[in-house]
file target21.cif (mmCIF, C-alpha atoms)
data_data
#
loop_
_atom_site.label_atom_id
_atom_site.label_comp_id
_atom_site.auth_asym_id
_atom_site.auth_seq_id
_atom_site.Cartn_x
_atom_site.Cartn_y
_atom_site.Cartn_z
CA MET J 1 21.03 8.36 16.06
CA ASN J 2 18.60 6.74 18.49
CA THR J 3 15.08 6.30 17.17
CA SER J 4 12.37 4.58 19.18
CA SER J 5 9.21 4.29 17.12
CA PHE J 6 7.13 3.81 20.25
CA HIS J 7 8.23 7.09 21.77
CA THR J 8 7.27 8.99 18.63
CA PHE J 9 3.67 8.03 19.29
CA LEU J 10 3.41 9.61 22.71
CA SER J 11 3.11 13.17 21.44
CA VAL J 12 0.55 12.27 18.82
CA VAL J 13 -1.93 10.03 20.57
CA VAL J 14 -4.51 12.68 19.74
CA VAL J 15 -5.41 10.47 16.79
CA ALA J 16 -7.81 8.73 19.15
CA ALA J 17 -9.96 11.84 18.96
CA TYR J 18 -10.82 11.07 15.32
CA ALA J 19 -14.20 9.37 15.07
CA VAL J 20 -13.62 7.68 11.75
CA PRO J 21 -13.44 4.17 10.31
CA GLU J 22 -10.42 2.11 9.37
CA ALA J 23 -8.86 1.93 5.93
CA LEU J 24 -10.22 -0.88 3.85
CA ALA J 25 -9.38 0.05 0.30
CA CYS J 26 -5.63 -0.17 -0.42
CA THR J 27 -4.66 -1.78 -3.74
CA ALA J 28 -1.22 -3.01 -4.89
CA PHE J 29 0.08 -4.69 -8.04
CA GLN J 30 3.22 -4.85 -10.16
CA LEU J 31 4.15 -4.37 -13.82
CA THR J 32 7.15 -5.51 -15.86
CA ALA J 33 8.37 -3.31 -18.72
CA ASP J 34 9.85 -4.72 -21.90
CA ASP J 35 13.28 -3.58 -20.75
CA GLY J 36 12.88 -5.75 -17.63
CA ALA J 37 12.11 -2.94 -15.18
CA GLN J 38 10.05 -4.05 -12.19
CA ILE J 39 7.40 -1.51 -11.24
CA TYR J 40 5.35 -1.63 -8.02
CA CYS J 41 2.13 0.37 -7.86
CA ARG J 42 0.00 1.04 -4.80
CA SER J 43 -2.83 3.25 -3.52
CA MET J 44 -3.29 4.26 0.12
CA GLU J 45 -6.77 4.83 1.46
CA PHE J 46 -7.76 5.76 4.97
CA GLY J 47 -10.62 7.37 6.84
CA PHE J 48 -8.74 10.36 8.24
CA PRO J 49 -5.81 12.45 6.98
CA PHE J 50 -2.45 10.75 7.42
CA ASN J 51 -0.62 13.96 6.44
CA SER J 52 2.11 11.73 5.09
CA LYS J 53 5.59 12.91 4.24
CA ALA J 54 8.25 11.12 2.28
CA ILE J 55 11.11 10.27 4.61
CA ILE J 56 14.71 9.37 3.92
CA VAL J 57 16.15 6.93 6.46
CA PRO J 58 19.96 6.73 6.21
CA ARG J 59 22.23 3.80 6.90
CA GLY J 60 23.24 3.50 10.53
CA THR J 61 19.94 4.74 12.01
CA ARG J 62 19.02 2.99 15.23
CA TYR J 63 15.50 1.73 15.93
CA THR J 64 13.95 0.08 18.94
CA GLY J 65 10.88 -2.01 18.32
CA THR J 66 7.88 -2.31 20.61
CA ALA J 67 6.95 -5.25 22.81
CA PRO J 68 3.61 -5.60 24.63
CA ASN J 69 2.87 -3.23 27.50
CA GLY J 70 5.22 -0.62 26.05
CA LYS J 71 8.37 -2.59 26.73
CA PRO J 72 11.35 -2.07 24.41
CA GLY J 73 11.64 -4.87 21.91
CA LEU J 74 14.05 -5.67 19.09
CA SER J 75 16.86 -3.15 18.61
CA TRP J 76 18.55 -2.82 15.25
CA GLN J 77 20.71 -0.53 13.17
CA THR J 78 19.75 0.12 9.56
CA LYS J 79 21.98 -1.57 6.99
CA TYR J 80 20.30 -0.07 3.93
CA GLY J 81 18.96 3.38 3.17
CA VAL J 82 15.19 3.65 2.81
CA VAL J 83 12.74 6.05 1.16
CA GLY J 84 9.10 5.70 2.12
CA LEU J 85 5.80 7.30 3.08
CA ASN J 86 5.15 7.82 6.77
CA VAL J 87 2.07 8.92 8.70
CA ASN J 88 1.96 11.79 11.15
CA ILE J 89 1.08 9.44 14.03
CA ALA J 90 4.27 7.42 13.43
CA PRO J 91 6.71 9.77 11.70
CA SER J 92 9.86 7.62 11.83
CA ILE J 93 8.41 4.47 10.28
CA VAL J 94 6.89 3.86 6.85
CA ALA J 95 3.58 2.45 5.64
CA ASP J 96 5.17 1.81 2.26
CA GLY J 97 8.74 2.15 1.04
CA MET J 98 11.71 0.99 -1.00
CA ASN J 99 15.33 0.54 -0.02
CA GLU J 100 18.52 1.12 -1.98
CA LYS J 101 18.61 -2.54 -3.08
CA GLY J 102 15.18 -2.32 -4.71
CA LEU J 103 13.27 -4.17 -1.99
CA VAL J 104 9.73 -2.83 -1.53
CA VAL J 105 7.44 -3.47 1.44
CA GLY J 106 3.87 -2.22 1.61
CA MET J 107 1.48 -2.60 4.55
CA LEU J 108 -2.18 -3.12 3.58
CA TYR J 109 -5.08 -3.57 5.99
CA LEU J 110 -6.42 -7.05 6.76
CA PRO J 111 -9.26 -6.41 9.23
CA GLY J 112 -11.15 -9.32 10.69
CA TYR J 113 -8.37 -11.80 9.97
CA SER J 114 -5.02 -10.54 11.27
CA GLU J 115 -3.85 -12.20 14.45
CA TYR J 116 -0.14 -11.99 15.20
CA LEU J 117 2.12 -14.30 17.19
CA PRO J 118 1.37 -14.79 20.88
CA PRO J 119 3.45 -12.50 23.13
CA ASP J 120 6.43 -14.36 24.58
CA ASP J 121 8.51 -12.87 27.39
CA ALA J 122 11.40 -15.08 26.33
CA LYS J 123 11.36 -13.35 22.93
CA THR J 124 10.97 -9.74 24.08
CA ALA J 125 14.37 -8.84 22.58
CA GLN J 126 13.12 -10.09 19.17
CA THR J 127 9.67 -8.51 19.35
CA ILE J 128 8.29 -5.77 17.12
CA GLY J 129 4.82 -4.40 16.49
CA SER J 130 2.93 -5.01 13.26
CA TRP J 131 3.41 -1.34 12.33
CA GLU J 132 7.22 -1.70 12.57
CA VAL J 133 7.58 -4.62 10.15
CA ALA J 134 8.01 -2.54 6.97
CA ILE J 135 10.81 -0.34 8.28
CA TYR J 136 12.52 -3.34 9.89
CA LEU J 137 12.56 -5.39 6.68
CA LEU J 138 13.47 -2.47 4.42
CA SER J 139 16.35 -1.37 6.59
CA THR J 140 17.88 -4.82 7.11
CA CYS J 141 17.06 -6.95 4.04
CA ALA J 142 18.00 -6.82 0.36
CA SER J 143 15.66 -9.43 -1.13
CA VAL J 144 12.36 -11.25 -0.68
CA ASP J 145 14.22 -14.33 0.55
CA GLU J 146 16.07 -12.32 3.21
CA ALA J 147 12.85 -10.59 4.27
CA THR J 148 10.85 -13.79 4.65
CA ASP J 149 13.74 -15.41 6.51
CA ALA J 150 13.85 -12.42 8.88
CA LEU J 151 10.13 -12.80 9.64
CA THR J 152 10.45 -16.56 10.04
CA HIS J 153 13.57 -16.69 12.20
CA ARG J 154 14.51 -13.30 13.64
CA ALA J 155 11.54 -11.01 14.27
CA HIS J 156 8.71 -11.93 16.62
CA VAL J 157 5.68 -9.91 15.48
CA ALA J 158 3.55 -10.07 18.61
CA GLN J 159 -0.17 -9.53 19.05
CA GLN J 160 -0.42 -6.13 20.72
CA GLU J 161 -2.15 -2.77 20.47
CA PHE J 162 -0.88 -0.03 18.19
CA PRO J 163 -0.53 2.75 20.81
CA PRO J 164 -2.19 5.63 18.90
CA PHE J 165 -5.22 3.52 17.98
CA LYS J 166 -5.43 1.59 21.27
CA GLU J 167 -6.30 -1.37 19.05
CA VAL J 168 -4.39 -4.03 17.18
CA LEU J 169 -3.26 -2.79 13.74
CA PRO J 170 -4.45 -5.55 11.35
CA VAL J 171 -2.24 -5.59 8.26
CA HIS J 172 -0.54 -7.93 5.83
CA TYR J 173 2.60 -7.23 3.83
CA TRP J 174 3.41 -7.01 0.12
CA ILE J 175 7.13 -7.79 -0.28
CA GLY J 176 8.90 -7.59 -3.64
CA ASP J 177 12.49 -7.15 -4.80
CA ALA J 178 14.38 -5.97 -7.87
CA SER J 179 14.25 -9.46 -9.45
CA GLY J 180 10.47 -9.29 -9.72
CA LYS J 181 9.87 -11.87 -7.00
CA VAL J 182 6.87 -11.12 -4.76
CA ALA J 183 5.68 -12.67 -1.49
CA ILE J 184 2.78 -11.89 0.80
CA ALA J 185 3.30 -12.23 4.55
CA GLU J 186 0.17 -12.70 6.65
CA TYR J 187 -0.39 -13.39 10.33
CA VAL J 188 -3.69 -15.26 10.64
CA GLY J 189 -4.79 -17.36 13.58
CA GLY J 190 -1.63 -16.48 15.48
CA LYS J 191 0.62 -17.99 12.80
CA LEU J 192 2.80 -16.57 10.03
CA THR J 193 2.10 -17.68 6.46
CA ILE J 194 4.27 -16.69 3.51
CA HIS J 195 2.52 -16.85 0.14
CA SER J 196 4.37 -16.79 -3.15
CA ASN J 197 2.60 -14.21 -5.31
CA PRO J 198 3.49 -14.44 -9.01
CA LEU J 199 0.41 -12.31 -9.80
CA GLY J 200 1.86 -9.43 -7.78
CA THR J 201 -1.61 -8.32 -6.65
CA LEU J 202 -2.87 -7.55 -3.15
CA THR J 203 -5.82 -5.71 -1.60
CA ASN J 204 -7.36 -6.30 1.84
CA SER J 205 -9.68 -8.87 3.42
CA PRO J 206 -10.13 -11.81 3.08
CA PRO J 207 -6.56 -13.16 3.11
CA PHE J 208 -4.52 -13.64 -0.04
CA ASP J 209 -5.20 -17.34 -0.66
CA TRP J 210 -8.98 -16.74 -0.73
CA GLN J 211 -8.56 -13.78 -3.07
CA GLN J 212 -6.52 -15.82 -5.51
CA ILE J 213 -9.07 -18.66 -5.54
CA ASN J 214 -11.87 -16.13 -6.09
CA LEU J 215 -10.34 -15.19 -9.45
CA GLY J 216 -11.83 -18.42 -10.77
CA ASN J 217 -15.27 -16.82 -10.57
CA PHE J 218 -14.20 -14.42 -13.32
CA VAL J 219 -12.40 -16.80 -15.67
CA ASN J 220 -14.70 -15.64 -18.49
CA LEU J 221 -13.39 -12.06 -18.49
CA THR J 222 -11.24 -10.87 -21.39
CA PRO J 223 -9.99 -7.57 -22.80
CA VAL J 224 -11.09 -8.79 -26.25
CA ASN J 225 -14.50 -7.64 -27.49
CA VAL J 226 -16.92 -10.54 -27.79
CA PRO J 227 -18.17 -11.56 -31.24
CA THR J 228 -21.74 -11.52 -32.47
CA GLN J 229 -23.73 -14.47 -31.17
CA LYS J 230 -26.43 -16.26 -33.11
CA LEU J 231 -29.59 -16.85 -31.07
CA GLY J 232 -31.90 -18.75 -33.37
CA PRO J 233 -32.59 -16.46 -36.32
CA THR J 234 -31.42 -13.37 -34.40
CA ASP J 235 -27.94 -11.88 -34.27
CA ILE J 236 -27.04 -10.68 -30.75
CA VAL J 237 -24.54 -7.84 -31.12
CA ASN J 238 -22.57 -6.15 -28.34
CA PHE J 239 -23.31 -2.51 -27.62
CA GLY J 240 -19.75 -1.29 -28.15
CA GLN J 241 -16.21 -1.38 -26.86
CA GLY J 242 -15.38 -3.29 -23.71
CA SER J 243 -17.85 -6.14 -24.09
CA GLY J 244 -15.26 -8.63 -22.83
CA PHE J 245 -15.39 -6.82 -19.47
CA ILE J 246 -19.06 -7.59 -18.86
CA GLY J 247 -19.28 -9.06 -15.38
CA LEU J 248 -16.16 -7.29 -14.11
CA PRO J 249 -16.90 -6.21 -10.50
CA GLY J 250 -16.75 -2.44 -10.28
CA ASP J 251 -17.30 -1.73 -6.60
CA PHE J 252 -14.64 -0.74 -4.05
CA THR J 253 -14.71 -3.87 -1.89
CA PRO J 254 -11.36 -5.67 -1.52
CA PRO J 255 -12.36 -8.80 -3.50
CA SER J 256 -13.62 -6.69 -6.41
CA ARG J 257 -10.51 -4.53 -6.44
CA PHE J 258 -8.31 -7.63 -6.30
CA VAL J 259 -10.02 -9.00 -9.41
CA ARG J 260 -9.64 -5.72 -11.30
CA ALA J 261 -6.02 -5.20 -10.21
CA ALA J 262 -5.06 -8.75 -11.18
CA PHE J 263 -6.64 -8.54 -14.62
CA PHE J 264 -5.75 -4.93 -15.41
CA SER J 265 -2.09 -5.33 -14.48
CA HIS J 266 -1.76 -8.39 -16.69
CA TRP J 267 -3.98 -7.23 -19.55
CA ALA J 268 -2.20 -3.90 -19.93
CA THR J 269 0.01 -3.64 -22.99
CA ALA J 270 3.56 -3.93 -21.65
CA ALA J 271 5.42 -0.64 -21.45
CA LYS J 272 8.67 -0.45 -23.41
CA THR J 273 10.78 1.26 -20.74
CA ALA J 274 10.74 1.91 -17.01
CA PRO J 275 9.41 5.50 -17.34
CA ASP J 276 6.67 4.18 -19.62
CA GLY J 277 5.90 1.53 -17.01
CA VAL J 278 5.62 4.13 -14.27
CA ASN J 279 3.27 6.15 -16.46
CA LEU J 280 1.19 3.02 -17.12
CA GLY J 281 1.09 2.27 -13.41
CA PHE J 282 -0.40 5.66 -12.65
CA HIS J 283 -3.03 5.18 -15.35
CA ILE J 284 -4.09 1.84 -13.89
CA LEU J 285 -4.09 3.25 -10.36
CA ASN J 286 -6.39 6.03 -11.56
CA THR J 287 -9.10 3.40 -12.03
CA PHE J 288 -8.94 2.66 -8.27
CA ASP J 289 -9.01 6.29 -7.17
CA ILE J 290 -11.60 6.85 -4.42
CA PHE J 291 -12.94 10.40 -4.22
CA ALA J 292 -14.44 11.94 -1.10
CA GLY J 293 -18.03 10.81 -0.78
CA ALA J 294 -17.69 7.57 -2.77
CA ILE J 295 -17.68 5.55 0.47
CA LYS J 296 -19.74 6.55 3.50
CA SER J 297 -20.44 4.95 6.85
CA ASP J 298 -23.31 5.24 9.28
CA THR J 299 -22.05 6.22 12.71
CA THR J 300 -24.41 3.79 14.40
CA HIS J 301 -24.91 0.75 12.19
CA GLN J 302 -21.57 -0.88 11.44
CA THR J 303 -20.12 -4.30 10.71
CA GLU J 304 -16.97 -5.49 12.43
CA ASN J 305 -14.89 -4.99 9.26
CA THR J 306 -15.95 -1.38 8.67
CA LYS J 307 -16.72 0.25 12.00
CA GLY J 308 -13.10 1.07 12.82
CA PHE J 309 -13.09 3.94 15.29
CA LEU J 310 -16.66 5.08 14.76
CA LYS J 311 -18.30 5.51 18.14
CA PRO J 312 -22.11 5.45 18.22
CA SER J 313 -23.20 8.67 19.89
CA GLY J 314 -26.03 11.08 19.28
CA GLU J 315 -28.22 10.79 16.23
CA PRO J 316 -27.10 8.43 13.44
CA ARG J 317 -25.29 10.30 10.69
CA LEU J 318 -23.43 9.51 7.50
CA VAL J 319 -19.74 10.36 7.30
CA ASP J 320 -17.22 10.12 4.47
CA THR J 321 -14.72 7.37 5.10
CA ASP J 322 -12.00 6.13 2.77
CA THR J 323 -10.45 8.35 0.13
CA THR J 324 -7.26 7.83 -1.84
CA GLU J 325 -4.77 9.83 0.23
CA TRP J 326 -1.80 9.09 -2.01
CA ILE J 327 -0.55 6.67 -4.59
CA VAL J 328 3.04 5.56 -4.96
CA VAL J 329 4.93 3.84 -7.76
CA HIS J 330 8.37 2.36 -7.06
CA ASP J 331 10.71 1.59 -9.96
CA ARG J 332 12.54 -1.26 -8.20
CA THR J 333 15.06 -1.58 -11.02
CA HIS J 334 16.24 2.02 -11.13
CA ARG J 335 15.45 2.84 -7.47
CA LYS J 336 13.10 5.74 -8.11
CA THR J 337 9.96 6.52 -6.14
CA TYR J 338 7.05 8.47 -7.64
CA VAL J 339 4.22 9.89 -5.51
CA ARG J 340 1.08 11.91 -5.98
CA THR J 341 -1.40 13.00 -3.32
CA TYR J 342 -5.16 13.40 -3.34
CA GLY J 343 -4.91 17.17 -3.31
CA GLY J 344 -1.70 17.66 -5.24
CA LEU J 345 -2.18 15.40 -8.30
CA LYS J 346 1.27 16.33 -9.65
CA ILE J 347 3.68 13.41 -9.66
CA GLN J 348 6.74 13.95 -7.48
CA LEU J 349 9.98 11.99 -7.88
CA ILE J 350 12.55 10.85 -5.32
CA ASP J 351 15.72 9.34 -6.77
CA LEU J 352 17.27 6.99 -4.22
CA ALA J 353 20.67 7.42 -5.90
CA LYS J 354 20.60 11.06 -4.79
CA ALA J 355 19.01 10.53 -1.37
CA GLY J 356 22.26 10.80 0.61
CA PHE J 357 21.99 7.67 2.72
CA ASP J 358 25.36 8.45 4.32
CA THR J 359 23.99 11.67 5.85
CA PRO J 360 22.99 10.97 9.48
CA GLY J 361 19.48 11.64 10.66
CA ILE J 362 16.04 10.93 9.21
CA ARG J 363 14.94 13.66 6.81
CA ALA J 364 11.44 14.45 5.58
CA ILE J 365 10.14 15.77 2.27
CA GLU J 366 6.87 17.72 2.30
CA LEU J 367 4.62 16.43 -0.45
CA ALA J 368 2.56 18.78 -2.61
CA THR J 369 -1.03 18.54 -1.38
CA THR J 370 -2.59 21.59 -3.04
CA PHE J 371 -4.19 21.60 -6.47
CA GLN J 372 -1.93 23.92 -8.49
CA PRO J 373 -2.24 23.37 -12.25
CA ASP J 374 0.34 24.96 -14.54
CA ASP J 375 -1.08 27.93 -16.42
CA VAL J 376 0.06 27.46 -20.02
CA THR J 377 -2.04 30.23 -21.52
CA GLU J 378 0.95 32.41 -22.37
CA GLN J 379 2.64 29.55 -24.22
CA ALA J 380 0.27 29.83 -27.16
CA LYS J 381 2.04 30.09 -30.55
CA PRO J 382 0.85 30.42 -34.13
CA LEU J 383 -0.48 27.05 -35.27
CA ASN J 384 2.11 26.70 -38.05
CA ALA J 385 5.04 28.10 -36.10
CA LYS J 386 8.23 26.07 -36.31
#

call {"tool": "encode", "arguments": {"input": "target21.cif", "output": "structure tokens"}}
result
Amino acid sequence: MNTSSFHTFLSVVVVAAYAVPEALACTAFQLTADDGAQIYCRSMEFGFPFNSKAIIVPRGTRYTGTAPNGKPGLSWQTKYGVVGLNVNIAPSIVADGMNEKGLVVGMLYLPGYSEYLPPDDAKTAQTIGSWEVAIYLLSTCASVDEATDALTHRAHVAQQEFPPFKEVLPVHYWIGDASGKVAIAEYVGGKLTIHSNPLGTLTNSPPFDWQQINLGNFVNLTPVNVPTQKLGPTDIVNFGQGSGFIGLPGDFTPPSRFVRAAFFSHWATAAKTAPDGVNLGFHILNTFDIFAGAIKSDTTHQTENTKGFLKPSGEPRLVDTDTTEWIVVHDRTHRKTYVRTYGGLKIQLIDLAKAGFDTPGIRAIELATTFQPDDVTEQAKPLNAK
């Protein structure tokens, strides 16, 4: 099967008609259950509907990457089957996914800092766009070490426009495998940097090294309630539960979310099993859920890191921007992907062991996006019924 990710864009360039800002609010972290299961958890926020589907990419699928000026770049054939979440403007690639070996790659925005490698005509046959990195790594690599080696020695991720946006897509990459190892790949200043990430946490701008240093500003935080303090003759008593959290940043900016994700994911009582860990992951992700209206932008007055595709025209107006479009949890140990959408809320499961990676052709799974609670009224029984 021939699949050129660039060509899939041509019929959907209508995205440029959206007058909305960029995504700035993705959050990722990992958990380890007592049984050793490695659980990746991530939210996806953006300023317009992605209409994402879950896609199954089988072994043997052919891709052609993109080089600057629309030239064909790196060509490859998938070695491993992949399950991931796409976007309707790029239906054959994934913004986040896991392969059959338990490797996970997530793309998160890094506006204001991302600058990829300089275009090089001599490396056109190795070149891919920033939006193609996740599907390339997932379909050809089995571990973090293989993925970072591929970025270092095989793939040339060139500075170029993402065709639907007509702008560079500024992202960095969360990469983790079934062993629990995590790395962050960032292109800043035209150079690739690979960060080891034992914390397992990632949000957006600034880059990862700054975010990790910033944790030192919150070294006083603790999940343990603080004791009564004596202030002269007066006892100073906390007001109630959660007093160790005083000073925890609660806003939706990337540095604040990084702090919360780092502490929450490590403070959480370890789950006993993988399913328990998945459940815990969804509970923690719920604390990062951004509802419509929580973040707004002025169509006229914008900073470089938030204006995105807002075009100043007419009278200034406020518009809703980021909302949590979907959240995904990957059980990297048992190769199971769990998803819920903003509208659907019900958790949907894709078992990679049953995905049929030998079946040719990319297949898509429509995700539930409508609020449809189960009516349990008729299940009422006498209170003491056995």

call {"tool": "resolve_selection", "arguments": {"input": "target21.cif", "expression": "the PyMOL selection byres ((chain J and resi 173) around 9)", "output": "count of residues only"}}
result
16

call {"tool": "residues_around", "arguments": {"input": "target21.cif", "residues": "segment 123-127 of chain J", "least_positions_apart": "4", "cutoff": "12 Å", "atoms": "all atoms listed in the file", "output": "PyMOL selection string"}}
result
chain J and resi 64-76+116-119+131-133+136+150-160

call {"tool": "residues_around", "arguments": {"input": "target21.cif", "residues": "segment 250-259 of chain J", "least_positions_apart": "3", "cutoff": "6 Å", "atoms": "all atoms listed in the file", "output": "PyMOL selection string"}}
result
chain J and resi 203-204+262

call {"tool": "residues_around", "arguments": {"input": "target21.cif", "residues": "Ala274 of chain J", "least_positions_apart": "3", "cutoff": "10 Å", "atoms": "only C-alpha atoms", "output": "MDAnalysis selection string"}}
result
chainID J and resid 31:39 271 277:280 331:334 336

call {"tool": "atom_distance", "arguments": {"input": "target21.cif", "atom1": "atom CA of Pro111 of chain J", "atom2": "atom CA of Leu169 of chain J"}}
result
8.3 Å

call {"tool": "closest_atom_pairs", "arguments": {"input": "target21.cif", "of": "segment 36-76 of chain J", "to": "segment 283-292 of chain J", "cutoff": "8 Å", "atoms": "all atoms listed in the file", "output": "JSON lines"}}
result
{"residue": "J:Cys41", "atom": "CA", "partner": "J:Leu285", "partner_atom": "CA", "distance": 7.3}
{"residue": "J:Arg42", "atom": "CA", "partner": "J:Leu285", "partner_atom": "CA", "distance": 7.2}
{"residue": "J:Ser43", "atom": "CA", "partner": "J:Leu285", "partner_atom": "CA", "distance": 7.0}
{"residue": "J:Glu45", "atom": "CA", "partner": "J:Ile290", "partner_atom": "CA", "distance": 7.9}

call {"tool": "atom_distance", "arguments": {"input": "target21.cif", "atom1": "atom CA of Phe208 of chain J", "atom2": "atom CA of Asp276 of chain J"}}
result
28.7 Å

call {"tool": "atom_distance", "arguments": {"input": "target21.cif", "atom1": "atom CA of Pro206 of chain J", "atom2": "atom CA of Ser265 of chain J"}}
result
20.4 Å

call {"tool": "resolve_selection", "arguments": {"input": "target21.cif", "expression": "the PyMOL selection byres ((chain J and resi 78) around 7)", "output": "PyMOL selection string"}}
result
chain J and resi 59-62+76-77+79-80+139-140

call {"tool": "closest_residue", "arguments": {"input": "target21.cif", "among": "J:Leu367, J:Ala178, J:Leu199, J:Ala385", "to": "Trp267 of chain J", "atoms": "only C-alpha atoms"}}
result
J:Leu199

call {"tool": "resolve_selection", "arguments": {"input": "target21.cif", "expression": "the PyMOL selection byres ((chain J and resi 319-324) around 8)", "output": "PyMOL selection string"}}
result
chain J and resi 20-25+43-48+289-299+317-318+325-327+341-342

call {"tool": "closest_residue", "arguments": {"input": "target21.cif", "among": "J:Ser205, J:Asn88, J:Gln30, J:Gln229", "to": "Phe264 of chain J", "atoms": "all atoms listed in the file"}}
result
J:Gln30

call {"tool": "closest_residue", "arguments": {"input": "target21.cif", "among": "J:Phe165, J:Gly244, J:Glu115, J:Val226", "to": "Leu192 of chain J", "atoms": "all atoms listed in the file"}}
result
J:Glu115

call {"tool": "residues_near_point", "arguments": {"input": "target21.cif", "point": "(-17.4, -4.0, -18.0)", "cutoff": "12 Å", "atoms": "only C-alpha atoms", "output": "list of chain:residue names"}}
result
J:Phe218, J:Asn220, J:Leu221, J:Thr222, J:Pro223, J:Val224, J:Asn225, J:Val226, J:Asn238, J:Phe239, J:Gly240, J:Gln241, J:Gly242, J:Ser243, J:Gly244, J:Phe245, J:Ile246, J:Gly247, J:Leu248, J:Pro249, J:Gly250, J:Asp251, J:Arg260, J:Phe264
